[in-house]
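Peer 1: For reference, the file protein_3.txt (compact mmCIF, C-alpha atoms) is included below:
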```
# COMPACT_ATOMS: atom_id res chain seq x y z
CA MET A 1 74.51 101.41 95.03
CA PHE A 2 77.28 99.19 93.64
CA ASN A 3 76.29 97.25 90.60
CA ILE A 4 78.89 94.52 90.04
CA ASP A 5 78.71 91.77 87.44
CA ILE A 6 81.47 89.30 88.24
CA SER A 7 81.33 87.51 84.92
CA SER A 8 81.57 90.72 82.85
CA SER A 9 84.76 91.32 80.91
CA THR A 10 85.07 94.74 82.55
CA PRO A 11 87.46 94.30 85.50
CA ILE A 12 85.69 94.48 88.88
CA TYR A 13 87.73 97.51 90.04
CA GLN A 14 86.62 99.38 86.90
CA GLN A 15 82.99 98.47 87.63
CA ILE A 16 83.33 99.93 91.14
CA ILE A 17 84.78 103.14 89.68
CA ASP A 18 81.93 103.35 87.16
CA SER A 19 79.32 102.66 89.88
CA VAL A 20 80.57 105.51 92.06
CA LYS A 21 80.70 107.95 89.14
CA GLU A 22 77.24 106.96 87.97
CA GLY A 23 75.94 107.19 91.53
CA ILE A 24 77.20 110.76 91.81
CA LEU A 25 75.77 111.74 88.43
CA LYS A 26 72.38 110.29 89.32
CA GLY A 27 72.48 112.02 92.69
CA LEU A 28 72.37 108.71 94.59
CA MET A 29 75.62 109.77 96.25
CA GLU A 30 76.13 113.35 97.24
CA PRO A 31 79.31 115.37 97.70
CA GLY A 32 80.57 114.97 101.25
CA GLU A 33 78.81 111.64 101.69
CA LYS A 34 80.76 108.86 103.37
CA LEU A 35 81.58 105.74 101.37
CA PRO A 36 81.87 102.30 102.97
CA SER A 37 85.43 101.43 104.01
CA VAL A 38 87.42 98.95 101.94
CA ARG A 39 86.75 96.31 104.56
CA GLU A 40 83.01 97.01 104.75
CA LEU A 41 82.61 96.97 100.99
CA ALA A 42 84.70 93.79 100.64
CA LYS A 43 82.43 92.06 103.10
CA MET A 44 79.23 93.55 101.71
CA MET A 45 79.97 92.42 98.15
CA THR A 46 82.24 89.42 98.92
CA LEU A 47 85.03 90.91 96.85
CA ASN A 48 88.79 90.95 97.14
CA PRO A 49 89.82 93.94 99.33
CA ASN A 50 92.78 94.59 97.03
CA THR A 51 90.36 95.11 94.14
CA ILE A 52 88.37 97.66 96.13
CA GLN A 53 91.54 99.37 97.31
CA LYS A 54 92.61 99.69 93.68
CA ALA A 55 89.27 101.26 92.68
CA TYR A 56 89.38 103.71 95.60
CA GLN A 57 92.96 104.67 94.74
CA GLU A 58 91.99 105.43 91.16
CA LEU A 59 88.93 107.43 92.26
CA GLU A 60 91.14 109.35 94.64
CA ARG A 61 93.66 110.04 91.88
CA GLU A 62 90.83 111.43 89.76
CA LYS A 63 89.76 113.49 92.79
CA VAL A 64 86.26 111.97 92.80
CA ILE A 65 86.70 110.85 96.41
CA VAL A 66 88.95 111.90 99.29
CA THR A 67 90.28 109.82 102.15
CA LEU A 68 90.66 111.58 105.47
CA ARG A 69 93.17 109.80 107.64
CA GLY A 70 91.46 107.99 110.48
CA LYS A 71 88.02 109.21 109.42
CA GLY A 72 87.13 107.44 106.22
CA THR A 73 86.48 107.93 102.54
CA TYR A 74 84.12 110.63 101.25
CA ILE A 75 82.76 111.85 97.92
CA SER A 76 84.72 115.03 97.16
CA ALA A 77 82.80 118.15 98.16
CA ASP A 78 84.30 120.15 95.34
CA TYR A 79 84.39 117.51 92.63
CA LYS A 80 84.70 119.20 89.25
CA PRO A 81 84.72 116.90 86.27
CA ARG A 82 87.95 117.26 84.31
CA LYS A 83 88.06 116.69 80.59
CA ASP A 84 91.39 115.08 79.87
CA GLU A 85 92.34 113.95 76.38
CA SER A 86 92.24 110.17 76.85
CA LYS A 87 88.89 110.38 78.61
CA ILE A 88 87.42 112.41 75.75
CA MET A 89 88.51 109.71 73.32
CA GLU A 90 86.98 107.04 75.51
CA VAL A 91 83.67 108.88 75.76
CA LYS A 92 83.63 109.52 72.00
CA ASP A 93 84.19 105.82 71.41
CA LEU A 94 81.29 104.97 73.68
CA PHE A 95 79.00 107.30 71.73
CA LYS A 96 80.27 105.91 68.45
CA LYS A 97 79.45 102.36 69.49
CA GLY A 98 75.95 103.42 70.43
CA ILE A 99 75.44 105.31 67.18
CA VAL A 100 76.68 102.38 65.08
CA GLU A 101 74.38 100.07 67.00
CA ALA A 102 71.44 102.46 66.53
CA HIS A 103 72.21 102.81 62.83
CA TYR A 104 72.01 99.06 62.38
CA MET A 105 68.66 99.06 64.11
CA GLY A 106 67.39 101.51 61.50
CA PHE A 107 67.46 104.70 63.57
CA LYS A 108 67.72 108.00 61.69
CA LYS A 109 69.93 110.90 62.76
CA GLU A 110 66.97 112.70 64.35
CA ASP A 111 65.96 109.59 66.32
CA ILE A 112 69.45 109.39 67.79
CA TYR A 113 69.36 113.07 68.88
CA GLY A 114 65.99 112.31 70.45
CA ILE A 115 67.38 109.36 72.39
CA ILE A 116 70.25 111.46 73.72
CA GLU A 117 67.91 114.20 74.88
CA GLU A 118 65.64 111.66 76.49
CA LEU A 119 68.57 110.10 78.39
CA ILE A 120 69.86 113.48 79.60
CA LYS A 121 66.37 114.36 80.82
CA GLU A 122 66.13 111.02 82.58
CA LEU A 123 69.45 111.47 84.39
CA GLU A 124 68.73 115.10 85.33
CA GLY A 125 65.25 114.09 86.39
CA VAL A 126 66.58 111.61 88.90
CA GLU A 127 68.90 114.29 90.26
CA SER A 128 66.30 117.00 90.75
CA ASN A 129 63.74 114.57 92.19
CA ASP A 130 66.31 113.49 94.72
CA LYS A 131 67.01 117.04 95.79
CA GLY A 132 63.31 117.83 95.93
CA ASN A 133 62.76 115.10 98.51
CA MET B 1 105.27 85.87 100.82
CA ILE B 2 105.06 82.39 99.25
CA LYS B 3 107.83 81.59 96.81
CA VAL B 4 108.14 78.25 95.08
CA THR B 5 111.05 77.63 92.73
CA ASN B 6 111.53 74.68 90.37
CA LEU B 7 109.56 72.37 92.61
CA GLU B 8 109.49 68.66 91.69
CA LYS B 9 107.70 65.85 93.47
CA SER B 10 107.04 62.19 92.68
CA LEU B 11 104.73 59.91 94.58
CA GLY B 12 104.76 56.12 94.18
CA GLY B 13 107.24 56.35 91.33
CA SER B 14 105.28 58.74 89.15
CA LYS B 15 105.96 62.42 88.73
CA ILE B 16 103.19 64.54 90.26
CA LEU B 17 104.73 68.01 90.28
CA ASN B 18 106.88 69.15 87.40
CA ASN B 19 108.98 72.30 87.68
CA ILE B 20 106.46 74.41 89.60
CA ASN B 21 107.20 78.10 90.08
CA LEU B 22 104.94 80.33 92.12
CA ASN B 23 105.23 83.76 93.61
CA ILE B 24 102.42 84.98 95.81
CA GLU B 25 102.65 88.44 97.33
CA LYS B 26 101.59 89.36 100.83
CA GLY B 27 97.88 90.14 101.10
CA SER B 28 97.07 88.49 97.80
CA ILE B 29 94.33 85.92 97.26
CA TYR B 30 95.64 83.37 94.79
CA GLY B 31 93.30 80.85 93.20
CA LEU B 32 94.49 77.50 91.97
CA ILE B 33 92.28 75.75 89.44
CA GLY B 34 92.69 72.50 87.56
CA PRO B 35 91.06 69.11 86.97
CA ASN B 36 91.17 66.23 89.41
CA GLY B 37 94.62 64.69 89.40
CA ALA B 38 96.36 67.86 88.19
CA GLY B 39 98.50 67.92 91.33
CA LYS B 40 96.78 70.71 93.28
CA THR B 41 96.59 68.81 96.56
CA THR B 42 100.15 67.53 96.21
CA LEU B 43 101.36 71.08 95.60
CA ILE B 44 99.42 72.30 98.63
CA LYS B 45 100.75 69.50 100.82
CA THR B 46 104.29 70.35 99.74
CA LEU B 47 103.67 74.03 100.48
CA VAL B 48 102.63 73.36 104.06
CA GLY B 49 105.48 70.91 104.65
CA ILE B 50 103.58 67.62 104.72
CA TYR B 51 105.55 66.43 101.71
CA GLU B 52 109.21 67.15 101.25
CA PRO B 53 110.23 68.56 97.86
CA GLU B 54 112.27 66.23 95.69
CA ALA B 55 113.92 69.19 94.03
CA GLY B 56 113.40 72.92 94.24
CA LYS B 57 112.42 75.11 97.16
CA VAL B 58 109.39 76.32 99.08
CA MET B 59 110.00 79.58 100.93
CA ILE B 60 107.45 81.33 103.11
CA ASN B 61 108.28 84.83 104.26
CA GLY B 62 111.86 84.31 103.07
CA GLU B 63 112.43 81.16 105.10
CA SER B 64 112.41 77.49 104.21
CA ILE B 65 109.49 75.71 105.84
CA LYS B 66 111.39 72.48 106.44
CA GLU B 67 111.37 71.67 110.17
CA ASN B 68 110.47 75.32 110.77
CA THR B 69 107.89 75.37 113.58
CA LYS B 70 107.98 79.16 113.81
CA ILE B 71 106.72 79.52 110.24
CA LYS B 72 104.39 76.53 110.46
CA SER B 73 102.68 77.92 113.56
CA ARG B 74 101.51 80.86 111.39
CA ILE B 75 100.22 78.76 108.48
CA GLY B 76 96.51 78.00 108.56
CA TYR B 77 95.79 74.89 106.50
CA VAL B 78 92.35 73.59 105.66
CA SER B 79 92.88 70.23 103.99
CA ASP B 80 90.52 68.48 101.58
CA PHE B 81 89.82 65.79 104.19
CA GLN B 82 89.78 66.75 107.85
CA TYR B 83 92.01 64.78 110.17
CA PHE B 84 90.69 65.46 113.66
CA TYR B 85 90.55 63.14 116.66
CA PRO B 86 87.12 61.61 116.08
CA ASN B 87 86.31 61.23 119.77
CA PHE B 88 87.15 64.84 120.64
CA THR B 89 84.33 67.32 120.91
CA VAL B 90 84.53 70.68 119.10
CA SER B 91 85.66 72.40 122.34
CA GLU B 92 88.25 69.74 123.03
CA MET B 93 89.67 70.18 119.54
CA ALA B 94 89.84 73.94 120.13
CA TRP B 95 91.66 73.22 123.41
CA PHE B 96 94.19 71.17 121.41
CA TYR B 97 94.77 74.01 118.95
CA ARG B 98 94.93 76.59 121.76
CA ASN B 99 97.77 74.64 123.34
CA THR B 100 99.56 73.94 120.07
CA TYR B 101 99.56 77.34 118.35
CA PRO B 102 101.30 80.16 120.29
CA MET B 103 99.37 82.94 118.49
CA TRP B 104 95.93 81.47 119.25
CA ASN B 105 93.35 84.27 119.51
CA GLU B 106 90.60 83.36 121.97
CA GLU B 107 88.51 86.45 121.20
CA LYS B 108 88.52 85.71 117.49
CA TYR B 109 87.67 82.06 118.19
CA ASN B 110 84.65 83.06 120.26
CA SER B 111 83.29 85.47 117.68
CA LEU B 112 83.84 82.97 114.84
CA LYS B 113 82.17 80.26 116.91
CA ASN B 114 79.06 82.43 116.98
CA ILE B 115 79.17 82.79 113.21
CA PHE B 116 79.52 79.07 112.44
CA LYS B 117 77.19 77.85 115.21
CA LEU B 118 78.69 74.36 115.34
CA PRO B 119 77.15 71.94 117.86
CA ASN B 120 79.60 70.89 120.57
CA LYS B 121 79.39 67.22 119.60
CA LYS B 122 82.04 64.60 119.11
CA ILE B 123 83.75 65.27 115.79
CA LYS B 124 82.81 61.86 114.41
CA ARG B 125 79.17 62.95 114.69
CA LEU B 126 79.72 66.04 112.50
CA SER B 127 78.92 66.07 108.78
CA LYS B 128 81.62 66.65 106.15
CA GLY B 129 80.60 70.28 105.68
CA MET B 130 80.62 70.85 109.43
CA LYS B 131 84.12 69.41 109.71
CA THR B 132 85.30 71.79 106.98
CA GLN B 133 83.74 74.67 108.93
CA LEU B 134 85.45 73.51 112.12
CA SER B 135 88.77 73.41 110.30
CA LEU B 136 88.25 76.95 109.01
CA LEU B 137 87.19 78.14 112.44
CA LEU B 138 90.31 76.72 114.11
CA ASN B 139 92.71 77.79 111.39
CA LEU B 140 91.43 81.38 111.36
CA SER B 141 91.82 81.49 115.14
CA ILE B 142 95.55 80.76 115.11
CA SER B 143 96.23 84.26 113.65
CA PRO B 144 97.58 82.90 110.38
CA GLU B 145 99.95 84.91 108.22
CA VAL B 146 99.34 82.46 105.41
CA LEU B 147 96.08 80.65 104.78
CA ILE B 148 96.18 77.61 102.53
CA LEU B 149 92.80 76.20 101.60
CA ASP B 150 92.21 72.99 99.66
CA GLU B 151 88.72 73.33 98.13
CA PRO B 152 87.32 75.08 101.19
CA THR B 153 83.82 75.52 99.76
CA SER B 154 83.22 72.03 98.41
CA GLY B 155 80.38 70.33 100.24
CA LEU B 156 79.08 73.57 101.78
CA ASP B 157 75.55 74.86 101.31
CA PRO B 158 75.21 78.25 99.53
CA VAL B 159 74.63 80.24 102.73
CA ILE B 160 77.67 78.82 104.52
CA ARG B 161 79.67 79.06 101.30
CA ARG B 162 79.01 82.79 101.14
CA LYS B 163 79.88 83.08 104.81
CA VAL B 164 83.17 81.29 104.25
CA LEU B 165 84.11 83.51 101.29
CA ASN B 166 83.26 86.58 103.38
CA LEU B 167 85.43 85.37 106.24
CA ILE B 168 88.36 84.86 103.86
CA VAL B 169 87.87 88.32 102.36
CA ASP B 170 87.57 89.89 105.80
CA GLU B 171 90.67 88.10 107.07
CA VAL B 172 92.63 89.64 104.18
CA SER B 173 91.12 93.10 104.80
CA ILE B 174 92.01 93.16 108.49
CA ASN B 175 95.26 91.22 108.74
CA ASN B 176 96.61 91.38 105.19
CA THR B 177 96.82 87.59 105.28
CA THR B 178 98.15 85.83 102.20
CA VAL B 179 95.70 83.25 100.83
CA LEU B 180 96.10 80.37 98.43
CA THR B 181 92.90 78.52 97.64
CA SER B 182 92.08 75.71 95.24
CA THR B 183 88.66 75.18 93.73
CA HIS B 184 86.77 73.93 90.71
CA ASN B 185 84.54 76.97 90.65
CA LEU B 186 85.95 79.59 88.27
CA LEU B 187 83.27 82.15 89.11
CA GLU B 188 84.15 81.90 92.78
CA LEU B 189 87.80 82.55 91.96
CA GLU B 190 86.83 85.50 89.80
CA GLN B 191 84.96 86.97 92.72
CA ILE B 192 87.56 86.85 95.46
CA CYS B 193 90.96 86.21 93.86
CA ASP B 194 93.39 88.71 92.37
CA HIS B 195 95.57 86.06 90.75
CA ILE B 196 94.73 82.73 89.15
CA GLY B 197 96.97 79.79 88.34
CA ILE B 198 95.82 76.98 86.07
CA MET B 199 97.31 73.61 86.85
CA TYR B 200 97.33 70.65 84.52
CA ASN B 201 99.36 67.45 84.58
CA GLY B 202 101.65 68.63 87.36
CA GLU B 203 102.45 71.95 85.74
CA ILE B 204 101.25 75.49 86.14
CA LEU B 205 100.23 76.33 82.59
CA LEU B 206 99.09 79.89 83.12
CA GLU B 207 99.40 82.39 85.89
CA GLU B 208 97.49 85.65 85.52
CA ASN B 209 96.41 88.77 87.32
CA ILE B 210 92.63 88.75 86.79
CA ASP B 211 92.22 92.50 86.21
CA GLU B 212 95.12 92.54 83.78
CA ILE B 213 94.02 89.57 81.73
CA LYS B 214 90.49 90.98 81.52
CA SER B 215 91.71 94.30 80.17
CA LYS B 216 94.26 92.75 77.84
CA VAL B 217 92.38 89.90 76.19
CA ARG B 218 89.37 91.31 74.37
CA LYS B 219 86.98 90.22 71.68
CA ILE B 220 86.21 92.59 68.80
CA GLN B 221 83.62 92.26 66.10
CA VAL B 222 84.55 93.78 62.73
CA VAL B 223 82.87 94.01 59.33
CA PHE B 224 85.07 95.04 56.41
CA ASN B 225 83.88 96.48 53.17
CA GLY B 226 84.98 93.56 50.99
CA THR B 227 87.46 90.87 52.01
CA ILE B 228 89.49 90.81 55.19
CA PRO B 229 92.97 92.38 54.75
CA GLU B 230 95.85 89.89 55.11
CA GLU B 231 97.62 92.27 57.53
CA ILE B 232 94.74 92.02 59.98
CA LYS B 233 94.30 88.29 59.52
CA ASN B 234 97.97 87.68 60.35
CA HIS B 235 98.29 90.36 63.02
CA LYS B 236 100.70 89.29 65.76
CA ASP B 237 98.30 90.00 68.64
CA VAL B 238 95.38 88.02 67.25
CA LEU B 239 94.82 84.89 69.30
CA HIS B 240 91.79 83.59 67.47
CA ILE B 241 89.58 84.45 64.47
CA ASP B 242 85.99 83.40 63.96
CA TYR B 243 83.67 84.51 61.20
CA LYS B 244 80.08 84.26 60.13
CA GLY B 245 79.51 85.72 56.67
CA LYS B 246 81.09 89.15 56.65
CA VAL B 247 81.30 89.46 60.41
CA TYR B 248 84.69 88.66 61.86
CA GLN B 249 85.35 88.14 65.56
CA PHE B 250 88.91 88.65 66.71
CA VAL B 251 90.27 87.65 70.08
CA VAL B 252 93.16 90.00 70.71
CA ASN B 253 95.82 88.96 73.20
CA ASP B 254 97.37 92.35 73.95
CA ASN B 255 97.89 95.89 72.56
CA LEU B 256 94.20 96.36 71.86
CA ASP B 257 94.51 100.05 70.92
CA GLU B 258 97.20 99.26 68.37
CA PHE B 259 95.06 96.55 66.80
CA ILE B 260 92.05 98.88 66.58
CA GLU B 261 94.17 101.62 64.94
CA GLU B 262 95.47 99.08 62.42
CA THR B 263 91.94 97.85 61.68
CA LYS B 264 90.59 101.37 61.25
CA LYS B 265 93.04 101.95 58.38
CA TYR B 266 90.86 99.61 56.31
CA ASN B 267 87.67 101.57 57.04
CA PRO B 268 85.60 98.84 58.65
CA ILE B 269 81.83 99.24 58.40
CA LEU B 270 81.48 97.98 61.96
CA LEU B 271 83.93 97.74 64.82
CA GLU B 272 82.73 96.90 68.30
CA MET B 273 83.84 95.26 71.53
CA ILE B 274 82.13 92.08 72.66
CA ASP B 275 81.84 90.94 76.25
CA MET B 276 83.87 87.88 77.19
CA SER B 277 83.85 85.87 80.40
CA LEU B 278 87.01 84.78 82.19
CA GLU B 279 86.17 81.21 81.23
CA GLU B 280 86.17 82.20 77.57
CA ILE B 281 89.44 84.09 77.99
CA PHE B 282 91.00 80.96 79.41
CA ILE B 283 89.69 78.82 76.57
CA TYR B 284 91.49 81.03 74.06
CA LYS B 285 94.59 81.42 76.20
CA MET B 286 94.87 77.66 76.69
CA GLY B 287 94.33 77.19 72.98
CA GLY B 288 97.28 79.54 72.52
CA VAL B 289 99.57 77.26 74.51
CA GLY B 290 98.30 74.15 72.77
CA TYR B 291 95.61 72.82 75.09
CA ALA B 292 91.90 72.59 74.62
CA PHE B 293 89.94 73.88 77.59
CA GLU B 294 87.88 70.68 77.75
CA ASP B 295 91.11 68.90 78.71
CA ILE B 296 91.65 71.33 81.55
CA THR B 297 88.29 71.50 83.28
CA LEU B 298 85.77 68.87 84.33
```
Go ahead and render the structure in this file as C-alpha cells.
Peer 2:
Amino acid sequence: MFNIDISSSTPIYQQIIDSVKEGILKGLMEPGEKLPSVRELAKMMTLNPNTIQKAYQELEREKVIVTLRGKGTYISADYKPRKDESKIMEVKDLFKKGIVEAHYMGFKKEDIYGIIEELIKELEGVESNDKGN
Amino acid sequence: MIKVTNLEKSLGGSKILNNINLNIEKGSIYGLIGPNGAGKTTLIKTLVGIYEPEAGKVMINGESIKENTKIKSRIGYVSDFQYFYPNFTVSEMAWFYRNTYPMWNEEKYNSLKNIFKLPNKKIKRLSKGMKTQLSLLLNLSISPEVLILDEPTSGLDPVIRRKVLNLIVDEVSINNTTVLTSTHNLLELEQICDHIGIMYNGEILLEENIDEIKSKVRKIQVVFNGTIPEEIKNHKDVLHIDYKGKVYQFVVNDNLDEFIEETKKYNPILLEMIDMSLEEIFIYKMGGVGYAFEDITL
C-alpha cells in the first residue's frame, strides 16, 4: 500500500502523500476506509513518526483524509479533487517532463496521445475491477 | 530539549570538541554522523555528563546536567562499549537498574524482554551484540525522556537491527522521547531521523532537516541551444556544474523555482530534474564548505 524509497530525493513525507493519493485513484483505498495510525505506520515501515505525522497533516489539509478524535484516521468519504493553481502547474510540469522524454525516444505526437489513453484505461481498469469483486 | 552551546573539550592535551552548538527539539530523532575520531563519542559522553565541559554548556530540558540526578535518571544512554558487572546475570542487572532509576517500568521491561529473548546468563557470557541489546532493553525500561545512543546498531544482525530501529521509532511515537543517535550508516539515518548533523575534526560542519535539504538541493539537467549563458553559469544558487557535451547538470542549493524560471528565459531544449541521494547531496554540500566527502566518511 505504501511504496517508500528511502534513498529517493523525494522527501519521505511526500512519498507517503503520493502513495495515499495513488492508492485512492487506483481504488486500493476506498473513501471511509481506515488508515493505520501514525504509530502503526511508523512501526510497519520503520520510519520516523514525525515524518508520518507531517504527511497526515498535509493530507488532512488537502481534505484527502480526516482524523476523528479518539477514533482514527480515515480516507475522506466526500473527497473531491480540487484544482488549485500551483497544483495545476505541478501536474503540467510532470506531463511536460514525460513528453520531452518521449520526444527524445522518438515518439510522435499520436504515440504520446496513445500512451496517455492507455494509462487512463489502465488506472480506470484497476478501479472497476476492484469494485466488481 | 537538548541544547548545547559553544561546547569545548580537550582530552590528554588535545582539543576534541571545538565550539559545538546543537539544538534538538522534543520528540525529534537526531542522527550524528562522522568518521572515526571525529569526536562523536566525546560529544555524547559530555552530553550525558560523563565528561565535564571545558567551556560552554549542556542543557537538557532547560537544566544543566551537572550533578543533576533528577535529569540523569531520565536519560537513557547506550554506550559504544557496555560497562556491566560481568558476574551479574541479566535479571540481576535489571534488579540493579530497577533500584537505581525511580521511573523504572516493570511492565515495559517484561514486554521488551520477550522481544529481545536474551538468555538469563552471566553478562560475561553474552556476545557483544547481546550486551548492546541488554543495554537498550534496560535503558528503554527506565522511561527515558532523552535517549542517547552511541552506534546502537553496530554489531547487530539485520533482524535485530530492524527490531532495534523499530523500538526506537515506537518509543518516539508513544512517549515523544527525544533521541540522539550516532552511526556510520547514512541510509539508516535517512530512514529514521528527521535531522542530521555531520561531525568532522571536533566540529559540527552541517546540521540539516532531512526533508528540507532534500527539497532544497536538487539536480537539474539542461541542454541549451548553443553555449551556456554566463548568467546561468554564475547563478548564485548553483552549487556545482558538470557537463558532458551539450548536457549540463546543475546542483542547485536553494530557490529551485527561481533558477528554473531564469533558465527558461534562454529557451533550453531540455530541462529535467534528476534524482539525487542524500549521500550525493552531502558530497556537494561538503564541497560547498570546502571539504571533500571522502575526508568525511570511511
Peer 1: At a cut-off of 6 Å, list the chain B residues touching chain A, using all atoms listed in the file, as a tab-separated table (two decimals) with C-alpha atoms, keeping the file's coordinate frame.
Peer 2:
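For reference, result31.tsv as written:
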```tsv
chain	number	residue	atom	x	y	z
B	166	ASN	CA	83.26	86.58	103.38
B	169	VAL	CA	87.87	88.32	102.36
B	173	SER	CA	91.12	93.10	104.80
B	191	GLN	CA	84.96	86.97	92.72
B	192	ILE	CA	87.56	86.85	95.46
B	211	ASP	CA	92.22	92.50	86.21
B	214	LYS	CA	90.49	90.98	81.52
B	275	ASP	CA	81.84	90.94	76.25
B	276	MET	CA	83.87	87.88	77.19
B	277	SER	CA	83.85	85.87	80.40
```
Peer 1: What is the distance, in Å and to one decimal place, between CA of Lys264 (chain B) and CA of Asp242 (chain B)?
Peer 2: 18.7 Å
Peer 1: Check the smallest atom-to-atom distance from each of B:Tyr284, B:Tyr85, B:Tyr266, B:Tyr77 to Ile148 (chain B) using all atoms listed in the file, then report the winner.
Peer 2: B:Tyr77
Peer 1: How close does region 143-203 of chain B get to region 47-64 of chain B? List, as a tab-separated table, each residue of region 143-203 of chain B within 10 Å, its nearest atom pair and the distance in Å to one decimal, counting only C-alpha atoms.
Peer 2:
```
residue	atom	partner	partner_atom	distance
B:Glu145	CA	B:Asn61	CA	9.2
B:Val146	CA	B:Ile60	CA	8.5
B:Leu147	CA	B:Val48	CA	9.8
B:Ile148	CA	B:Val48	CA	7.9
```
Peer 1: Counting all atoms listed in the file, write as a ChimeraX atom specification all protein and nucleic acid residues lying at most 9 Å from (100.8, 67.0, 94.3) in the file's frame.
Peer 2: /B:9-11,15-17,37-46,51,202
Peer 1: So the first atom is CA of Glu60 (chain A) and the second is CA of Thr178 (chain B); what is the distance between them in Å, to one decimal place?
Peer 2: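 Distance between the two atoms: 25.7 Å.
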Peer 1: What is the CA of Ile260 (chain B) to CA of Ala102 (chain A) distance in Å?
Peer 2: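 For CA of Ile260 (chain B) relative to CA of Ala102 (chain A), the distance reads 20.9 Å.
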Peer 1: Which residues come within 10 Å of His184 (chain B), counting all atoms listed in the file, excluding same-chain residues fewer than 6 positions away, as a ChimeraX atom specification?
Peer 2: /B:31-36,151,153-154,297-298
Peer 1: If you count all atoms listed in the file, which residues fall within 8 Å of Ile20 (chain B), apart from same-chain ones fewer than 2 positions away, as a count of residues only?
Peer 2: 11
Peer 1: Which is closer to Val172 (chain B) than all the others in B:Gly27, B:Gly155, B:Gly226, B:Gly13, using only C-alpha atoms?
Peer 2: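 That would be B:Gly27, the residue with the smallest distance to Val172 (chain B).
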Peer 1: Between A:Val64, A:Ser76, A:Lys54, A:Ile4, which has the minimum distance to Lys21 (chain A) (counting all atoms listed in the file)?
Peer 2: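 Counting all atoms listed in the file, the residue closest to Lys21 (chain A) is A:Val64.
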